[in-house]
Amino acid sequence: MGLPALTLENFPYLTLILFTLIIGLRGLEYAKSGKVGQKDYKKYYPYLVQWLIQNNLGALVPFMSLIGVSQYSAPNSVSGGTLVIVLGTLVLFFFMFVAELWYGHIGFLLIFLVSVMAGSYVDKLQSYGCLQGDDLDVFQEFGTGSVLMVFFASACINIFSSGGAIGIIIGSVLHIFKISGLILLDYYVTFKKQPKQNRLCLSIFHHSFAYLIGFTVSLLMLGFAYGTVLSYQQTQAGLV
């Protein structure tokens, strides 16, 4: 299914605002903490997160985790390096832009708010489900922002796979491929330094699990949108 025509009314201005905020906060964190080397890996804790907690604004910490506030100051082993950061930033903007253009401003906000809650839930699920209550390294929680990306990726794939039977089949294949790829990526890259008995559990309940939540939420929104349109068409037909 194609995207609606871009107009002043449906222009994704929330994406521009949120994206600018994300880049600004990442840049501010880098300016305050500087590039953190491997030797400081265990000692580092995000400056902005500390500031929020000290000023009784700890409720915003899940947002900082979701956007990967420490991505610019994280070691390459976590952030993936400059190329990964640049490409990931561009892809995130594209996914957010498309999602707001199709779901609308309110739908976009709903997806984003659910992603904030889902990101925090995934962190705790990994901690208590895979690590017996221990937390992951701080960089792993604040250094990438990739959970937000996969959340919006699932919403975008749902959009382009909602056009008839062929679209649904293609979308299903893409979803399966994406979920499998995320599990393998986490198992062999993200959590390669974790004990082997924890790696599979962490890999299942990280990017792939966030992707499933995003897929479910956006699919329900699509179903609601189609149901509303169908109901309207039936009502109009009854009035004719």
# chains A, B, ... in the order shown; residues from 1 in each chain; ligands from 1
>>> residues_around(residues="Ser203 in chain A", least_positions_apart="3", cutoff="8 Å", atoms="only C-alpha atoms", output="number ranges by chain")
A: 182-184, 186-187, 191, 199-200, 206-208
>>> write_last_selection(atoms="C-alpha atoms", output="tab-separated table (two decimals), in the first residue's frame")
chain	number	residue	atom	x	y	z
A	182	LEU	CA	17.71	-9.70	15.03
A	183	ILE	CA	18.04	-12.80	17.21
A	184	LEU	CA	21.16	-13.90	15.32
A	186	ASP	CA	22.16	-10.16	19.18
A	187	TYR	CA	23.46	-13.68	19.77
A	191	PHE	CA	25.79	-10.36	23.59
A	199	ARG	CA	23.15	-15.40	25.39
A	200	LEU	CA	20.11	-17.08	23.81
A	206	HIS	CA	16.01	-7.82	23.19
A	207	HIS	CA	15.59	-6.41	19.67
A	208	SER	CA	13.35	-9.22	18.44
>>> residues_around(residues="Gly34 in chain A", least_positions_apart="4", cutoff="9 Å", atoms="only C-alpha atoms", output="list in words")
Glu29, Tyr30, Tyr72 and Ser73 of chain A
>>> write_last_selection(atoms="C-alpha atoms", output="mmCIF file, in the first residue's frame")
data_model
loop_
_atom_site.group_PDB
_atom_site.id
_atom_site.type_symbol
_atom_site.label_atom_id
_atom_site.label_comp_id
_atom_site.auth_asym_id
_atom_site.auth_seq_id
_atom_site.Cartn_x
_atom_site.Cartn_y
_atom_site.Cartn_z
ATOM 1 C CA GLU A 29 25.756 14.020 26.480
ATOM 2 C CA TYR A 30 28.874 13.812 24.323
ATOM 3 C CA TYR A 72 28.052 9.278 20.573
ATOM 4 C CA SER A 73 30.179 8.676 23.671
#
>>> closest_residue(among="A:Ile159, A:Ile67, A:Ile169, A:Ile179", to="Leu92 in chain A", atoms="only C-alpha atoms")
A:Ile67
>>> closest_atom_pairs(of="range 37-146 of chain A", to="range 24-28 of chain A", cutoff="7 Å", atoms="only C-alpha atoms", output="JSON lines")
{"residue": "A:Val69", "atom": "CA", "partner": "A:Arg26", "partner_atom": "CA", "distance": 4.7}
{"residue": "A:Ser70", "atom": "CA", "partner": "A:Arg26", "partner_atom": "CA", "distance": 6.1}
{"residue": "A:Gln71", "atom": "CA", "partner": "A:Arg26", "partner_atom": "CA", "distance": 6.7}
{"residue": "A:Tyr72", "atom": "CA", "partner": "A:Arg26", "partner_atom": "CA", "distance": 6.4}
>>> write_last_selection(atoms="N, CA and C atoms", output="PDB file, in the first residue's frame")
ATOM      1  N   VAL A  69      20.923   7.795  24.493  1.00  0.00           N
ATOM      2  CA  VAL A  69      21.501   9.111  24.760  1.00  0.00           C
ATOM      3  C   VAL A  69      23.026   9.082  24.763  1.00  0.00           C
ATOM      4  N   SER A  70      23.637   7.933  25.042  1.00  0.00           N
ATOM      5  CA  SER A  70      25.107   7.849  25.121  1.00  0.00           C
ATOM      6  C   SER A  70      25.740   7.298  23.850  1.00  0.00           C
ATOM      7  N   GLN A  71      24.989   7.250  22.765  1.00  0.00           N
ATOM      8  CA  GLN A  71      25.529   6.609  21.562  1.00  0.00           C
ATOM      9  C   GLN A  71      26.806   7.268  21.064  1.00  0.00           C
ATOM     10  N   TYR A  72      26.874   8.591  21.103  1.00  0.00           N
ATOM     11  CA  TYR A  72      28.052   9.278  20.573  1.00  0.00           C
ATOM     12  C   TYR A  72      29.274   9.125  21.470  1.00  0.00           C
TER      13      TYR A  72
END
>>> atom_distance(atom1="CA of His175 in chain A", atom2="CA of Ile157 in chain A")
7.6 Å
>>> residues_around(residues="Leu109 in chain A", least_positions_apart="5", cutoff="9 Å", atoms="only C-alpha atoms", output="CSV table (one decimal) with C-alpha atoms, in the first residue's frame")
chain,number,residue,atom,x,y,z
A,14,LEU,CA,6.5,15.7,15.2
A,100,GLU,CA,3.9,9.6,11.1
A,104,GLY,CA,-1.0,10.5,11.5
A,114,VAL,CA,4.3,2.6,23.7
>>> closest_residue(among="A:Pro62, A:Phe215, A:Thr20, A:Pro4", to="Lys124 in chain A", atoms="only C-alpha atoms")
A:Pro62
>>> closest_residue(among="A:Ser218, A:Ser120, A:Thr190, A:Ser33", to="Ser161 in chain A", atoms="only C-alpha atoms")
A:Ser218
>>> closest_residue(among="A:Val122, A:Ser127, A:Leu48, A:Thr15", to="Ala31 in chain A", atoms="only C-alpha atoms")
A:Leu48
>>> select_by_dssp(residues="range 1-239 of chain A", states="alpha helix (DSSP H)", output="NGL selection string")
:A and (13-33 or 47-54 or 61-66 or 76-79 or 82-130 or 138-142 or 146-160 or 164-185 or 196-204 or 207-239)
>>> residues_around(residues="Phe95 in chain A", least_positions_apart="5", cutoff="9 Å", atoms="only C-alpha atoms", output="JSON, numbers by chain")
{"A": [90, 100, 149, 152, 153, 155, 156]}
>>> write_last_selection(atoms="C-alpha atoms", output="PDB file, in the first residue's frame")
ATOM      1  CA  LEU A  90      19.325   8.200   8.812  1.00  0.00           C
ATOM      2  CA  GLU A 100       3.924   9.598  11.084  1.00  0.00           C
ATOM      3  CA  MET A 149      14.590   1.823  15.450  1.00  0.00           C
ATOM      4  CA  PHE A 152       9.358   1.781  14.077  1.00  0.00           C
ATOM      5  CA  ALA A 153      10.754  -0.657  11.505  1.00  0.00           C
ATOM      6  CA  ALA A 155       5.383  -0.438  12.004  1.00  0.00           C
ATOM      7  CA  CYS A 156       6.715   0.515   8.563  1.00  0.00           C
TER       8      CYS A 156
END
>>> atom_distance(atom1="CA of Gln132 in chain A", atom2="CA of Lys196 in chain A")
14.6 Å
>>> decode(residues="range 155-188 of chain A", atoms="N, CA and C atoms", output="PDB file, in the first residue's frame")
ATOM      1  N   ALA A 155       6.562  -1.205  12.404  1.00  0.00           N
ATOM      2  CA  ALA A 155       5.383  -0.438  12.004  1.00  0.00           C
ATOM      3  C   ALA A 155       5.414  -0.130  10.513  1.00  0.00           C
ATOM      4  N   CYS A 156       6.595   0.192   9.985  1.00  0.00           N
ATOM      5  CA  CYS A 156       6.715   0.515   8.563  1.00  0.00           C
ATOM      6  C   CYS A 156       6.498  -0.712   7.683  1.00  0.00           C
ATOM      7  N   ILE A 157       7.011  -1.861   8.098  1.00  0.00           N
ATOM      8  CA  ILE A 157       6.797  -3.078   7.323  1.00  0.00           C
ATOM      9  C   ILE A 157       5.314  -3.431   7.299  1.00  0.00           C
ATOM     10  N   ASN A 158       4.623  -3.209   8.395  1.00  0.00           N
ATOM     11  CA  ASN A 158       3.173  -3.440   8.425  1.00  0.00           C
ATOM     12  C   ASN A 158       2.454  -2.552   7.413  1.00  0.00           C
ATOM     13  N   ILE A 159       2.912  -1.327   7.270  1.00  0.00           N
ATOM     14  CA  ILE A 159       2.282  -0.405   6.321  1.00  0.00           C
ATOM     15  C   ILE A 159       2.387  -0.933   4.898  1.00  0.00           C
ATOM     16  N   PHE A 160       3.597  -1.314   4.496  1.00  0.00           N
ATOM     17  CA  PHE A 160       3.835  -1.707   3.112  1.00  0.00           C
ATOM     18  C   PHE A 160       3.389  -3.143   2.807  1.00  0.00           C
ATOM     19  N   SER A 161       2.963  -3.879   3.829  1.00  0.00           N
ATOM     20  CA  SER A 161       2.507  -5.259   3.596  1.00  0.00           C
ATOM     21  C   SER A 161       1.007  -5.401   3.832  1.00  0.00           C
ATOM     22  N   SER A 162       0.278  -4.283   3.794  1.00  0.00           N
ATOM     23  CA  SER A 162      -1.155  -4.335   4.073  1.00  0.00           C
ATOM     24  C   SER A 162      -2.009  -4.228   2.816  1.00  0.00           C
ATOM     25  N   GLY A 163      -1.400  -4.393   1.652  1.00  0.00           N
ATOM     26  CA  GLY A 163      -2.138  -4.269   0.395  1.00  0.00           C
ATOM     27  C   GLY A 163      -2.507  -5.596  -0.224  1.00  0.00           C
ATOM     28  N   GLY A 164      -3.513  -6.262   0.289  1.00  0.00           N
ATOM     29  CA  GLY A 164      -3.993  -7.504  -0.294  1.00  0.00           C
ATOM     30  C   GLY A 164      -3.226  -8.727   0.154  1.00  0.00           C
ATOM     31  N   ALA A 165      -3.594  -9.878  -0.443  1.00  0.00           N
ATOM     32  CA  ALA A 165      -3.020 -11.166  -0.039  1.00  0.00           C
ATOM     33  C   ALA A 165      -1.520 -11.232  -0.302  1.00  0.00           C
ATOM     34  N   ILE A 166      -1.101 -10.731  -1.462  1.00  0.00           N
ATOM     35  CA  ILE A 166       0.333 -10.774  -1.796  1.00  0.00           C
ATOM     36  C   ILE A 166       1.134  -9.927  -0.813  1.00  0.00           C
ATOM     37  N   GLY A 167       0.597  -8.749  -0.481  1.00  0.00           N
ATOM     38  CA  GLY A 167       1.275  -7.888   0.476  1.00  0.00           C
ATOM     39  C   GLY A 167       1.401  -8.537   1.840  1.00  0.00           C
ATOM     40  N   ILE A 168       0.355  -9.235   2.266  1.00  0.00           N
ATOM     41  CA  ILE A 168       0.382  -9.909   3.562  1.00  0.00           C
ATOM     42  C   ILE A 168       1.425 -11.024   3.579  1.00  0.00           C
ATOM     43  N   ILE A 169       1.496 -11.767   2.472  1.00  0.00           N
ATOM     44  CA  ILE A 169       2.486 -12.857   2.386  1.00  0.00           C
ATOM     45  C   ILE A 169       3.902 -12.300   2.422  1.00  0.00           C
ATOM     46  N   ILE A 170       4.135 -11.268   1.605  1.00  0.00           N
ATOM     47  CA  ILE A 170       5.466 -10.647   1.582  1.00  0.00           C
ATOM     48  C   ILE A 170       5.814 -10.071   2.951  1.00  0.00           C
ATOM     49  N   GLY A 171       4.833  -9.410   3.578  1.00  0.00           N
ATOM     50  CA  GLY A 171       5.060  -8.844   4.896  1.00  0.00           C
ATOM     51  C   GLY A 171       5.385  -9.900   5.932  1.00  0.00           C
ATOM     52  N   SER A 172       4.683 -11.024   5.877  1.00  0.00           N
ATOM     53  CA  SER A 172       4.936 -12.114   6.828  1.00  0.00           C
ATOM     54  C   SER A 172       6.352 -12.652   6.682  1.00  0.00           C
ATOM     55  N   VAL A 173       6.776 -12.799   5.432  1.00  0.00           N
ATOM     56  CA  VAL A 173       8.137 -13.284   5.173  1.00  0.00           C
ATOM     57  C   VAL A 173       9.162 -12.284   5.702  1.00  0.00           C
ATOM     58  N   LEU A 174       8.904 -11.001   5.468  1.00  0.00           N
ATOM     59  CA  LEU A 174       9.823  -9.964   5.943  1.00  0.00           C
ATOM     60  C   LEU A 174       9.888  -9.934   7.465  1.00  0.00           C
ATOM     61  N   HIS A 175       8.743 -10.096   8.106  1.00  0.00           N
ATOM     62  CA  HIS A 175       8.724 -10.098   9.567  1.00  0.00           C
ATOM     63  C   HIS A 175       9.523 -11.286  10.122  1.00  0.00           C
ATOM     64  N   ILE A 176       9.314 -12.457   9.562  1.00  0.00           N
ATOM     65  CA  ILE A 176      10.035 -13.651  10.014  1.00  0.00           C
ATOM     66  C   ILE A 176      11.539 -13.480   9.797  1.00  0.00           C
ATOM     67  N   PHE A 177      11.890 -12.976   8.617  1.00  0.00           N
ATOM     68  CA  PHE A 177      13.306 -12.752   8.296  1.00  0.00           C
ATOM     69  C   PHE A 177      13.919 -11.735   9.257  1.00  0.00           C
ATOM     70  N   LYS A 178      13.176 -10.656   9.533  1.00  0.00           N
ATOM     71  CA  LYS A 178      13.676  -9.603  10.407  1.00  0.00           C
ATOM     72  C   LYS A 178      13.868 -10.116  11.834  1.00  0.00           C
ATOM     73  N   ILE A 179      12.891 -10.830  12.353  1.00  0.00           N
ATOM     74  CA  ILE A 179      12.975 -11.337  13.720  1.00  0.00           C
ATOM     75  C   ILE A 179      14.134 -12.322  13.857  1.00  0.00           C
ATOM     76  N   SER A 180      14.255 -13.220  12.890  1.00  0.00           N
ATOM     77  CA  SER A 180      15.350 -14.198  12.914  1.00  0.00           C
ATOM     78  C   SER A 180      16.704 -13.499  12.839  1.00  0.00           C
ATOM     79  N   GLY A 181      16.783 -12.489  11.971  1.00  0.00           N
ATOM     80  CA  GLY A 181      18.034 -11.749  11.832  1.00  0.00           C
ATOM     81  C   GLY A 181      18.419 -11.000  13.096  1.00  0.00           C
ATOM     82  N   LEU A 182      17.430 -10.436  13.785  1.00  0.00           N
ATOM     83  CA  LEU A 182      17.706  -9.704  15.028  1.00  0.00           C
ATOM     84  C   LEU A 182      18.193 -10.642  16.128  1.00  0.00           C
ATOM     85  N   ILE A 183      17.596 -11.826  16.205  1.00  0.00           N
ATOM     86  CA  ILE A 183      18.039 -12.800  17.210  1.00  0.00           C
ATOM     87  C   ILE A 183      19.484 -13.217  16.943  1.00  0.00           C
ATOM     88  N   LEU A 184      19.809 -13.494  15.672  1.00  0.00           N
ATOM     89  CA  LEU A 184      21.164 -13.902  15.322  1.00  0.00           C
ATOM     90  C   LEU A 184      22.156 -12.766  15.554  1.00  0.00           C
ATOM     91  N   LEU A 185      21.755 -11.533  15.214  1.00  0.00           N
ATOM     92  CA  LEU A 185      22.633 -10.380  15.424  1.00  0.00           C
ATOM     93  C   LEU A 185      22.953 -10.206  16.907  1.00  0.00           C
ATOM     94  N   ASP A 186      21.933 -10.310  17.745  1.00  0.00           N
ATOM     95  CA  ASP A 186      22.158 -10.161  19.183  1.00  0.00           C
ATOM     96  C   ASP A 186      22.996 -11.306  19.737  1.00  0.00           C
ATOM     97  N   TYR A 187      22.748 -12.505  19.233  1.00  0.00           N
ATOM     98  CA  TYR A 187      23.464 -13.678  19.767  1.00  0.00           C
ATOM     99  C   TYR A 187      24.955 -13.630  19.420  1.00  0.00           C
ATOM    100  N   TYR A 188      25.264 -13.251  18.174  1.00  0.00           N
ATOM    101  CA  TYR A 188      26.652 -13.311  17.730  1.00  0.00           C
ATOM    102  C   TYR A 188      27.411 -11.983  17.843  1.00  0.00           C
TER     103      TYR A 188
END
